[in-house]
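The structure under discussion appears below in the form of structure tokens.
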Amino acid sequence: MSLFITLEGPDGSGKTTQARLLAGYLENRGIAVLCTREPGGTKLSEQIREVILSKVNHSISDETEALLYSAARAQIVAELIRPALAAAKVVVCDRYADSTLAYQGYGLGLDLDALRTITRFATGGLVPDLTFYIDVPVKDGIARKRHGETNRLDEKNIAYHERVRDGYLEMAKAEPARWVVIDGTQPVGEVQKQIRNRVELELKKRGF
Ligand code: TYD
């Protein structure tokens, strides 16, 4: 039995908390779990994460950024995710390739087909079995991240984040067997309950 679950959502959607809660729940049920995150997860991928997110590299081009996220992904897939799935673990990953399509594709406007090709190359075609999109309105997400009011700089970014959100919703609609959209404005426990219910269905399908 192996199961590859990813969590997607805007910054401030609480998906990291949800990923940890889910991993803990599965472990308590006696299931072997790998819980990891993107960008990062391995030493090399964490180094790439630092390069991407470092303020020193503010002149990074959109294409460079997309390729760095993909390079980090190639490493985590080869080093962690594939071996874990081969060992019949459940993998819970906080962000995956859909983040590149949403942020660099829908958000920044890079060519979606090119990004899909790069993603296929980086992952060897490894697609999650189940992807949760934790949906929160853009302004709520930004406010949560800042623990309060949005500022003027945030306002400028709202259109970009709206494109990202629309992109996620479009991807979810196009592939309903894989995607589950969850209302992230609900209490943490309620969001977690809905995630667990869906995961339980998948486990059952796999005879667990
Ligand atoms: P993350 O560490 O998940 O932060 P957050 O908790 O804010 O979601 O992700 C860091 C940023 O990287 C986030 O703004 C989304 C972005 N990102 C991309 O733009 N493309 C990608 O392929 C990935 C994996 C992340």
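Scheme for the structure tokens: letters A, B, ... for chains in order shown; per-chain residue numbers from 1; ligand numbers from 1 in order shown.
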
Which of range 91-200 of chain A DSSP labels strand (DSSP E), written as an NGL selection string: :A and (91-94 or 130-135 or 179-183)

Output N, CA, C and O atoms for every residue in that selection, as a CSV table (one decimal), in the first residue's frame.
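New file out.csv:
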```csv
chain,number,residue,atom,x,y,z
A,91,VAL,N,2.9,9.2,1.9
A,91,VAL,CA,3.7,10.4,1.8
A,91,VAL,C,2.7,11.6,1.9
A,91,VAL,O,1.7,11.7,1.2
A,92,VAL,N,3.0,12.5,2.9
A,92,VAL,CA,2.2,13.7,3.0
A,92,VAL,C,3.2,14.9,2.7
A,92,VAL,O,4.2,15.1,3.4
A,93,CYS,N,2.9,15.6,1.6
A,93,CYS,CA,3.9,16.6,1.2
A,93,CYS,C,3.1,18.0,1.1
A,93,CYS,O,2.1,18.1,0.5
A,94,ASP,N,3.7,18.9,1.9
A,94,ASP,CA,3.2,20.3,1.9
A,94,ASP,C,3.7,21.0,0.7
A,94,ASP,O,4.9,21.4,0.6
A,130,LEU,N,-3.8,12.1,-4.3
A,130,LEU,CA,-4.8,12.9,-3.7
A,130,LEU,C,-4.2,14.3,-3.4
A,130,LEU,O,-3.1,14.4,-2.8
A,131,THR,N,-4.9,15.3,-3.8
A,131,THR,CA,-4.4,16.7,-3.5
A,131,THR,C,-5.5,17.5,-2.9
A,131,THR,O,-6.6,17.6,-3.4
A,132,PHE,N,-5.2,18.0,-1.7
A,132,PHE,CA,-6.1,18.9,-1.0
A,132,PHE,C,-5.8,20.3,-1.3
A,132,PHE,O,-4.6,20.8,-1.1
A,133,TYR,N,-6.8,21.1,-1.7
A,133,TYR,CA,-6.6,22.5,-1.9
A,133,TYR,C,-7.3,23.2,-0.7
A,133,TYR,O,-8.6,23.1,-0.7
A,134,ILE,N,-6.6,23.8,0.2
A,134,ILE,CA,-7.2,24.6,1.3
A,134,ILE,C,-7.5,26.0,0.8
A,134,ILE,O,-6.6,26.8,0.7
A,135,ASP,N,-8.7,26.2,0.6
A,135,ASP,CA,-9.1,27.5,-0.1
A,135,ASP,C,-9.5,28.5,0.9
A,135,ASP,O,-10.3,28.3,1.8
A,179,TRP,N,-8.3,16.0,-6.9
A,179,TRP,CA,-8.4,17.2,-6.1
A,179,TRP,C,-9.6,17.2,-5.2
A,179,TRP,O,-10.7,16.8,-5.6
A,180,VAL,N,-9.3,17.7,-4.0
A,180,VAL,CA,-10.4,17.9,-3.0
A,180,VAL,C,-10.3,19.4,-2.5
A,180,VAL,O,-9.2,19.7,-2.0
A,181,VAL,N,-11.3,20.2,-2.8
A,181,VAL,CA,-11.2,21.6,-2.4
A,181,VAL,C,-11.9,21.7,-1.0
A,181,VAL,O,-13.0,21.2,-0.8
A,182,ILE,N,-11.2,22.2,-0.1
A,182,ILE,CA,-11.7,22.4,1.3
A,182,ILE,C,-11.8,23.8,1.7
A,182,ILE,O,-10.8,24.6,1.4
A,183,ASP,N,-12.9,24.2,2.3
A,183,ASP,CA,-13.1,25.6,2.7
A,183,ASP,C,-12.2,25.8,4.0
A,183,ASP,O,-12.4,25.4,5.1
```

- request: Once DSSP has gone over the backbone, tell me which residues of range 25-192 of chain A are in helix (DSSP H, G or I), as a VMD selection string.
  value: chain A and resid 25 to 28 43 to 53 55 to 57 62 to 86 97 to 107 112 to 123 138 to 146 152 to 174 188 to 192

message: Would you pick out the contacts of range 7-16 of chain A at 9 Å or less, using only C-alpha atoms, so that residues sharing its chain but fewer than 5 positions from it are not included, and give the list as a ChimeraX atom specification?
response: /A:21,37,92-96,98-99,130-138,140-146,161,164-165,168,184-185,188

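With distances restricted to only C-alpha atoms and all ligand atoms, A:Tyr69 is the closest residue to ligand 1 from A:Phe121, A:Tyr106, A:Tyr69, A:Phe208.
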
message: Residues within 8 Å of Gln192 in chain A, please, as a list in words. Count only C-alpha atoms; anything in the same chain fewer than 3 positions from it doesn't count.
response: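 Using only C-alpha atoms, the neighbours found are Gln18, Leu21, Leu22, Val188, Gly189, Ile195 and Arg196 of chain A.
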